[in-house]
Amino acid sequence: MLAAETAAFRGGKIGGVADVVHGASRALHARGWRVDVLIPGHAAVLDHVGQRRSEGVVAIGSFRPTEVAIESVLLPCNSGSIRYLLLRHPLFEANGIYSDDGPMNPFATDATKYALFCLAAGEALCDGVIARPEVLHLHDWHAAAFLAFRGILPRWRGLARLHTVFTIHNLAIQGIRPFAGVPSSLDNWLPRIRFDRSSLADPRWPDCFNPMAAAIRKADRVHTVSPSYAREIIRPNSDGPVVSHGGEGLEADLQSADVQGRLHGILNGCDYPARLPRRTSWANFLRIANDAVRRWASRTRDLRSAHYFAAQRLAALSRKRPRMILDSVGRLVAQKAELFLGPASGGKVAIRALLDAMADNELLIILGSGDVEFEARFTEFAATEQRLLFLCGYDELLADELYRQGDLFLMPSSFEPCGISQMLAMRAGQPCVAHAVGGLRDTISHEVTGWLFDGSDLTDQADNFVAAVAAARTTFHRNPDGFRAMRREAARQRFDWASTAQSYERLLYSTPTVA
């Protein structure tokens, strides 16, 4: 597997890609596969990795030219181990896993970094530093350039028969860069290499290289992380009377993969420990939240208003747990947060309508950070609203405790390739309110393990989101036995990695039948 992140190491996880790489690797290993995972040697990962073994050095002809060292770490798994190959280069260690270059130069730093990552992986396979596998599984756009390079680098011709799988984790982020004219471009990464631009070009901007489009066209198998998302992305986006997220401009390539039998939707798994920790006391939860807020606040010279209001709110909360806790955990990006702030009927945004309907002994807790505009909007509500606790950051311990502490989990994603948060909430016994899209539709049963809503436009969706939360709150207060039954049913659900690994073998790793 080639991936930008993995949850196997502390410091190696940003989002769902890390959980998938970690969970799928372990499940495949349990089924008898030898699994090697290649990731960049990010500084945050190296700080928490134990003893490493040198596997060799590969030379890269481009990149002014440069060398990339490869080190391995074995992590125990079942009766054996999974080998993690860390690619070492200053470019990987200089930045975080992902960089923010701003709207005028999107993906510039990351595109160059992950182009080098893909080049180093290919050179290592060509040189024999890494043994050639039966299957090469590439995760999201960060690994997609491997397939583009394989088609244009003469030295890589020996890799042409390597069976490749490309997994789309989030089609909305594609890593698009110009072919030429700027430092972060294909011509600059591969100087003096001639190639046909048409097979690598973005269908909307022919002067730009789209690694994700190239991978969809060239992989033996294309995989999305839920069956419903696979059906959604072969349709174009719609921002007219009916709002929907589809192929994000790549629907023609995805339709072609579907017709050729190369496109498959397989639901991600979730880990289910034999015994989950019990819900902590409310006082202990407040302590954990206070500790997290202090850590976040200490990372900047100036105190951010979001952390100030969170500390104030935590201090004001009663030592007695609120009667009902509504909660949400996720990145504050348009996909996850837009419907919270969407315009509902009557001139209110959805979160205002939710808060106005809540009683004084109810509390909405939102944990997450992301786009500064969304952080600012949630901070505005937190400044004056006593029924909202906005925790602007992410902490694994705090998130785990919040899943166990909450009564009703809110996940109004505009689109959702699979989603892990709803699985973690259900595992802890929380029914969910969620938009009926992608993996949310595939994991939540309406009025059995939660409430699903839909809508023809943003206002309709916001109204239906508010109505679904109202229905859930009514059940909680007026039919406690029914709500407890939904809790038990949610906790009984199993989306296990073993089943996912079996589907990988059958649908992704078998002999290709490309038309």
# chains A, B, ... in the order shown; residues from 1 in each chain; ligands from 1

call {"tool": "residues_around", "arguments": {"residues": "Ser413 of chain A", "least_positions_apart": "5", "cutoff": "8 Å", "atoms": "only C-alpha atoms", "output": "PyMOL selection string"}}
result
chain A and resi 335-339+434-435+437

call {"tool": "write_last_selection", "arguments": {"atoms": "N, CA, C and O atoms", "output": "PDB file, in the first residue's frame"}}
result
ATOM      1  N   GLN A 335     -17.846  20.186   3.421  1.00  0.00           N
ATOM      2  CA  GLN A 335     -18.508  18.885   3.394  1.00  0.00           C
ATOM      3  C   GLN A 335     -19.194  18.566   4.717  1.00  0.00           C
ATOM      4  O   GLN A 335     -20.326  18.067   4.747  1.00  0.00           O
ATOM      5  N   LYS A 336     -18.538  18.865   5.822  1.00  0.00           N
ATOM      6  CA  LYS A 336     -19.031  18.470   7.146  1.00  0.00           C
ATOM      7  C   LYS A 336     -19.863  19.553   7.840  1.00  0.00           C
ATOM      8  O   LYS A 336     -20.734  19.229   8.649  1.00  0.00           O
ATOM      9  N   ALA A 337     -19.568  20.828   7.536  1.00  0.00           N
ATOM     10  CA  ALA A 337     -20.139  21.913   8.343  1.00  0.00           C
ATOM     11  C   ALA A 337     -21.174  22.756   7.618  1.00  0.00           C
ATOM     12  O   ALA A 337     -21.904  23.513   8.266  1.00  0.00           O
ATOM     13  N   GLU A 338     -21.249  22.650   6.299  1.00  0.00           N
ATOM     14  CA  GLU A 338     -22.114  23.551   5.539  1.00  0.00           C
ATOM     15  C   GLU A 338     -23.575  23.469   5.978  1.00  0.00           C
ATOM     16  O   GLU A 338     -24.267  24.486   6.080  1.00  0.00           O
ATOM     17  N   LEU A 339     -24.057  22.262   6.258  1.00  0.00           N
ATOM     18  CA  LEU A 339     -25.471  22.130   6.613  1.00  0.00           C
ATOM     19  C   LEU A 339     -25.766  22.644   8.019  1.00  0.00           C
ATOM     20  O   LEU A 339     -26.890  23.071   8.300  1.00  0.00           O
ATOM     21  N   ALA A 434     -28.287  11.873  10.421  1.00  0.00           N
ATOM     22  CA  ALA A 434     -27.329  12.014   9.322  1.00  0.00           C
ATOM     23  C   ALA A 434     -28.043  12.242   8.003  1.00  0.00           C
ATOM     24  O   ALA A 434     -29.192  11.833   7.814  1.00  0.00           O
ATOM     25  N   HIS A 435     -27.336  12.900   7.107  1.00  0.00           N
ATOM     26  CA  HIS A 435     -27.804  13.109   5.741  1.00  0.00           C
ATOM     27  C   HIS A 435     -27.731  11.772   4.998  1.00  0.00           C
ATOM     28  O   HIS A 435     -26.734  11.065   5.079  1.00  0.00           O
ATOM     29  N   VAL A 437     -26.708  10.167   2.481  1.00  0.00           N
ATOM     30  CA  VAL A 437     -25.790  10.148   1.347  1.00  0.00           C
ATOM     31  C   VAL A 437     -24.656   9.169   1.632  1.00  0.00           C
ATOM     32  O   VAL A 437     -24.306   8.908   2.781  1.00  0.00           O
TER      33      VAL A 437
END

call {"tool": "residues_around", "arguments": {"residues": "Ala376 of chain A", "least_positions_apart": "6", "cutoff": "10 Å", "atoms": "only C-alpha atoms", "output": "MDAnalysis selection string"}}
result
chainID A and resid 305:306 382 392

call {"tool": "closest_atom_pairs", "arguments": {"of": "segment 26-56 of chain A", "to": "segment 485-504 of chain A", "cutoff": "12 Å", "atoms": "only C-alpha atoms", "output": "CSV"}}
result
residue,atom,partner,partner_atom,distance
A:Arg26,CA,A:Trp497,CA,8.4
A:Ala27,CA,A:Ala498,CA,5.5
A:Leu28,CA,A:Ala501,CA,5.6
A:His29,CA,A:Ala501,CA,9.3
A:Ala30,CA,A:Ala498,CA,8.3
A:Arg31,CA,A:Ala501,CA,7.9
A:Gly32,CA,A:Ala501,CA,10.8
A:Trp33,CA,A:Ala501,CA,10.3

call {"tool": "atom_distance", "arguments": {"atom1": "atom CA of Ala213 of chain A", "atom2": "atom CA of Ser421 of chain A"}}
result
27.8 Å

call {"tool": "closest_atom_pairs", "arguments": {"of": "segment 252-325 of chain A", "to": "segment 190-209 of chain A", "cutoff": "12 Å", "atoms": "only C-alpha atoms", "output": "Markdown table"}}
result
| residue | atom | partner | partner_atom | distance |
| --- | --- | --- | --- | --- |
| A:Ala252 | CA | A:Pro203 | CA | 8.8 |
| A:Asp253 | CA | A:Pro203 | CA | 9.0 |
| A:Leu254 | CA | A:Pro203 | CA | 12.0 |

call {"tool": "write_last_selection", "arguments": {"atoms": "N, CA and C atoms", "output": "compact mmCIF listing (two decimals), in the first residue's frame"}}
result
# COMPACT_ATOMS: atom_id res chain seq x y z
N ALA A 252 -17.25 11.27 -16.16
CA ALA A 252 -17.08 10.53 -17.42
C ALA A 252 -16.03 9.43 -17.26
N ASP A 253 -14.92 9.73 -16.61
CA ASP A 253 -13.90 8.71 -16.36
C ASP A 253 -14.43 7.62 -15.43
N LEU A 254 -15.22 8.00 -14.45
CA LEU A 254 -15.79 7.01 -13.53
C LEU A 254 -16.85 6.17 -14.21

call {"tool": "closest_residue", "arguments": {"among": "A:Gln422, A:Ser298, A:Glu380, A:Leu388", "to": "Leu314 of chain A", "atoms": "only C-alpha atoms"}}
result
A:Leu388

call {"tool": "residues_around", "arguments": {"residues": "Leu402 of chain A", "least_positions_apart": "4", "cutoff": "8 Å", "atoms": "only C-alpha atoms", "output": "compact mmCIF listing (two decimals) with all heavy atoms, in the first residue's frame"}}
result
# COMPACT_ATOMS: atom_id res chain seq x y z
N PHE A 285 -14.90 13.92 32.29
CA PHE A 285 -14.97 14.40 30.90
C PHE A 285 -14.62 15.89 30.84
O PHE A 285 -13.88 16.32 29.96
CB PHE A 285 -16.37 14.18 30.33
CG PHE A 285 -16.56 14.82 28.97
CD1 PHE A 285 -16.05 14.24 27.83
CD2 PHE A 285 -17.22 16.05 28.86
CE1 PHE A 285 -16.19 14.84 26.59
CE2 PHE A 285 -17.37 16.66 27.63
CZ PHE A 285 -16.86 16.05 26.49
N ASP A 327 -23.95 15.71 20.07
CA ASP A 327 -22.54 15.91 19.80
C ASP A 327 -22.21 15.69 18.33
O ASP A 327 -22.95 15.02 17.60
CB ASP A 327 -21.67 15.01 20.68
CG ASP A 327 -21.96 13.53 20.49
OD1 ASP A 327 -23.13 13.14 20.58
OD2 ASP A 327 -21.01 12.76 20.24
N LEU A 398 -10.09 12.92 23.87
CA LEU A 398 -11.32 13.69 24.03
C LEU A 398 -12.40 13.19 23.09
O LEU A 398 -13.57 13.05 23.49
CB LEU A 398 -11.03 15.17 23.78
CG LEU A 398 -12.23 16.13 23.84
CD1 LEU A 398 -12.92 16.05 25.19
CD2 LEU A 398 -11.77 17.56 23.55
N GLY A 406 -21.95 11.15 24.64
CA GLY A 406 -23.10 11.72 23.96
C GLY A 406 -24.31 10.80 23.92
O GLY A 406 -24.22 9.58 24.05

call {"tool": "atom_distance", "arguments": {"atom1": "atom CA of Val17 of chain A", "atom2": "atom CA of Ala3 of chain A"}}
result
7.8 Å

call {"tool": "residues_around", "arguments": {"residues": "segment 42-46 of chain A", "least_positions_apart": "5", "cutoff": "8 Å", "atoms": "only C-alpha atoms", "output": "CSV table (one decimal) with N, CA and C atoms, in the first residue's frame"}}
result
chain,number,residue,atom,x,y,z
A,9,PHE,N,0.9,4.7,13.6
A,9,PHE,CA,1.8,5.5,14.4
A,9,PHE,C,1.2,6.8,14.9
A,10,ARG,N,1.5,7.1,16.1
A,10,ARG,CA,1.1,8.4,16.7
A,10,ARG,C,1.7,9.5,15.8
A,11,GLY,N,0.9,10.5,15.5
A,11,GLY,CA,1.4,11.5,14.6
A,11,GLY,C,1.2,11.2,13.2
A,12,GLY,N,0.7,10.0,12.8
A,12,GLY,CA,0.6,9.7,11.4
A,12,GLY,C,-0.8,9.8,10.9
A,92,PHE,N,9.8,15.7,3.1
A,92,PHE,CA,8.7,15.0,3.9
A,92,PHE,C,8.7,15.5,5.3
A,93,GLU,N,9.9,15.8,5.8
A,93,GLU,CA,10.1,16.2,7.2
A,93,GLU,C,9.8,17.7,7.5
A,94,ALA,N,9.9,18.5,6.4
A,94,ALA,CA,9.8,20.0,6.6
A,94,ALA,C,8.4,20.5,6.9
A,95,ASN,N,7.4,19.7,6.5
A,95,ASN,CA,6.0,20.2,6.6
A,95,ASN,C,5.2,19.1,7.4
A,96,GLY,N,4.0,19.4,7.7
A,96,GLY,CA,3.1,18.4,8.2
A,96,GLY,C,2.7,17.5,7.2
A,97,ILE,N,1.8,16.6,7.5
A,97,ILE,CA,1.3,15.6,6.5
A,97,ILE,C,0.7,16.4,5.3

call {"tool": "closest_residue", "arguments": {"among": "A:Leu136, A:Val49, A:Ile176, A:Leu171", "to": "Arg221 of chain A", "atoms": "only C-alpha atoms"}}
result
A:Leu136

call {"tool": "select_by_dssp", "arguments": {"residues": "segment 329-392 of chain A", "states": "strand (DSSP E)", "output": "count of residues only"}}
result
11

call {"tool": "residues_around", "arguments": {"residues": "Pro154 of chain A", "least_positions_apart": "2", "cutoff": "12 Å", "atoms": "only C-alpha atoms", "output": "PyMOL selection string"}}
result
chain A and resi 122-123+126+149-152+156-160+190+192-195

call {"tool": "write_last_selection", "arguments": {"atoms": "N, CA and C atoms", "output": "short mmCIF file (atom, residue, chain, number, x, y, z; two decimals), in the first residue's frame"}}
result
data_model
loop_
_atom_site.label_atom_id
_atom_site.label_comp_id
_atom_site.auth_asym_id
_atom_site.auth_seq_id
_atom_site.Cartn_x
_atom_site.Cartn_y
_atom_site.Cartn_z
N GLY A 122 8.39 4.08 -6.95
CA GLY A 122 8.61 3.39 -8.22
C GLY A 122 10.06 3.04 -8.46
N GLU A 123 10.96 3.96 -8.14
CA GLU A 123 12.39 3.68 -8.31
C GLU A 123 12.83 2.55 -7.39
N CYS A 126 11.77 -0.61 -9.06
CA CYS A 126 12.62 -0.90 -10.22
C CYS A 126 14.00 -1.39 -9.81
N PHE A 149 3.13 8.31 -13.64
CA PHE A 149 4.55 8.17 -13.92
C PHE A 149 4.86 6.83 -14.59
N ARG A 150 4.14 5.78 -14.17
CA ARG A 150 4.40 4.46 -14.76
C ARG A 150 4.17 4.48 -16.28
N GLY A 151 3.23 5.30 -16.73
CA GLY A 151 2.92 5.32 -18.15
C GLY A 151 3.85 6.14 -18.99
N ILE A 152 4.72 6.98 -18.35
CA ILE A 152 5.55 7.88 -19.15
C ILE A 152 7.05 7.75 -18.89
N TRP A 156 10.39 2.64 -16.06
CA TRP A 156 9.35 1.95 -15.30
C TRP A 156 8.56 0.94 -16.15
N ARG A 157 8.99 0.70 -17.36
CA ARG A 157 8.22 -0.20 -18.23
C ARG A 157 8.07 -1.59 -17.63
N GLY A 158 9.06 -2.01 -16.83
CA GLY A 158 8.98 -3.32 -16.20
C GLY A 158 7.88 -3.43 -15.16
N LEU A 159 7.29 -2.28 -14.76
CA LEU A 159 6.20 -2.29 -13.77
C LEU A 159 4.82 -2.34 -14.43
N ALA A 160 4.79 -2.45 -15.75
CA ALA A 160 3.52 -2.34 -16.48
C ALA A 160 2.53 -3.44 -16.11
N LEU A 190 9.44 16.20 -13.82
CA LEU A 190 10.01 15.26 -14.79
C LEU A 190 10.56 16.02 -16.00
N ARG A 192 12.56 17.00 -19.25
CA ARG A 192 13.08 16.26 -20.41
C ARG A 192 12.30 14.98 -20.70
N ILE A 193 11.21 14.73 -20.00
CA ILE A 193 10.38 13.55 -20.28
C ILE A 193 9.22 13.98 -21.17
N ARG A 194 9.08 13.31 -22.33
CA ARG A 194 7.99 13.62 -23.25
C ARG A 194 6.81 12.70 -22.96
N PHE A 195 5.60 13.24 -23.01
CA PHE A 195 4.42 12.43 -22.73
C PHE A 195 3.20 13.06 -23.38
#

call {"tool": "atom_distance", "arguments": {"atom1": "atom CA of Pro322 of chain A", "atom2": "atom CA of Arg278 of chain A"}}
result
17.9 Å

call {"tool": "residues_around", "arguments": {"residues": "segment 100-106 of chain A", "least_positions_apart": "3", "cutoff": "9 Å", "atoms": "only C-alpha atoms", "output": "ChimeraX atom specification"}}
result
/A:109-111,175-177

call {"tool": "closest_residue", "arguments": {"among": "A:Leu507, A:Leu332, A:Ala108, A:Ala472", "to": "Val372 of chain A", "atoms": "only C-alpha atoms"}}
result
A:Leu332

call {"tool": "select_by_dssp", "arguments": {"residues": "segment 218-413 of chain A", "states": "alpha helix (DSSP H)", "output": "ChimeraX atom specification"}}
result
/A:218,227-232,251-259,282-298,305-316,334-337,350-357,372-384,396-405

call {"tool": "closest_residue", "arguments": {"among": "A:Ala120, A:Ala283, A:Cys77, A:Val20", "to": "Pro65 of chain A", "atoms": "only C-alpha atoms"}}
result
A:Ala120

call {"tool": "residues_around", "arguments": {"residues": "Met1 of chain A", "least_positions_apart": "3", "cutoff": "8 Å", "atoms": "only C-alpha atoms", "output": "number ranges by chain"}}
result
A: 21, 35-38, 136-139

call {"tool": "write_last_selection", "arguments": {"atoms": "C-alpha atoms", "output": "mmCIF file, in the first residue's frame"}}
result
data_model
loop_
_atom_site.group_PDB
_atom_site.id
_atom_site.type_symbol
_atom_site.label_atom_id
_atom_site.label_comp_id
_atom_site.auth_asym_id
_atom_site.auth_seq_id
_atom_site.Cartn_x
_atom_site.Cartn_y
_atom_site.Cartn_z
ATOM 1 C CA VAL A 21 -4.851 1.939 5.732
ATOM 2 C CA VAL A 35 1.487 -6.415 3.812
ATOM 3 C CA ASP A 36 4.023 -3.624 3.313
ATOM 4 C CA VAL A 37 2.828 -0.046 3.816
ATOM 5 C CA LEU A 38 4.837 2.798 2.266
ATOM 6 C CA LEU A 136 -0.022 -2.412 -5.404
ATOM 7 C CA HIS A 137 -2.825 -0.580 -3.584
ATOM 8 C CA LEU A 138 -2.742 3.224 -3.959
ATOM 9 C CA HIS A 139 -4.721 5.461 -1.608
#
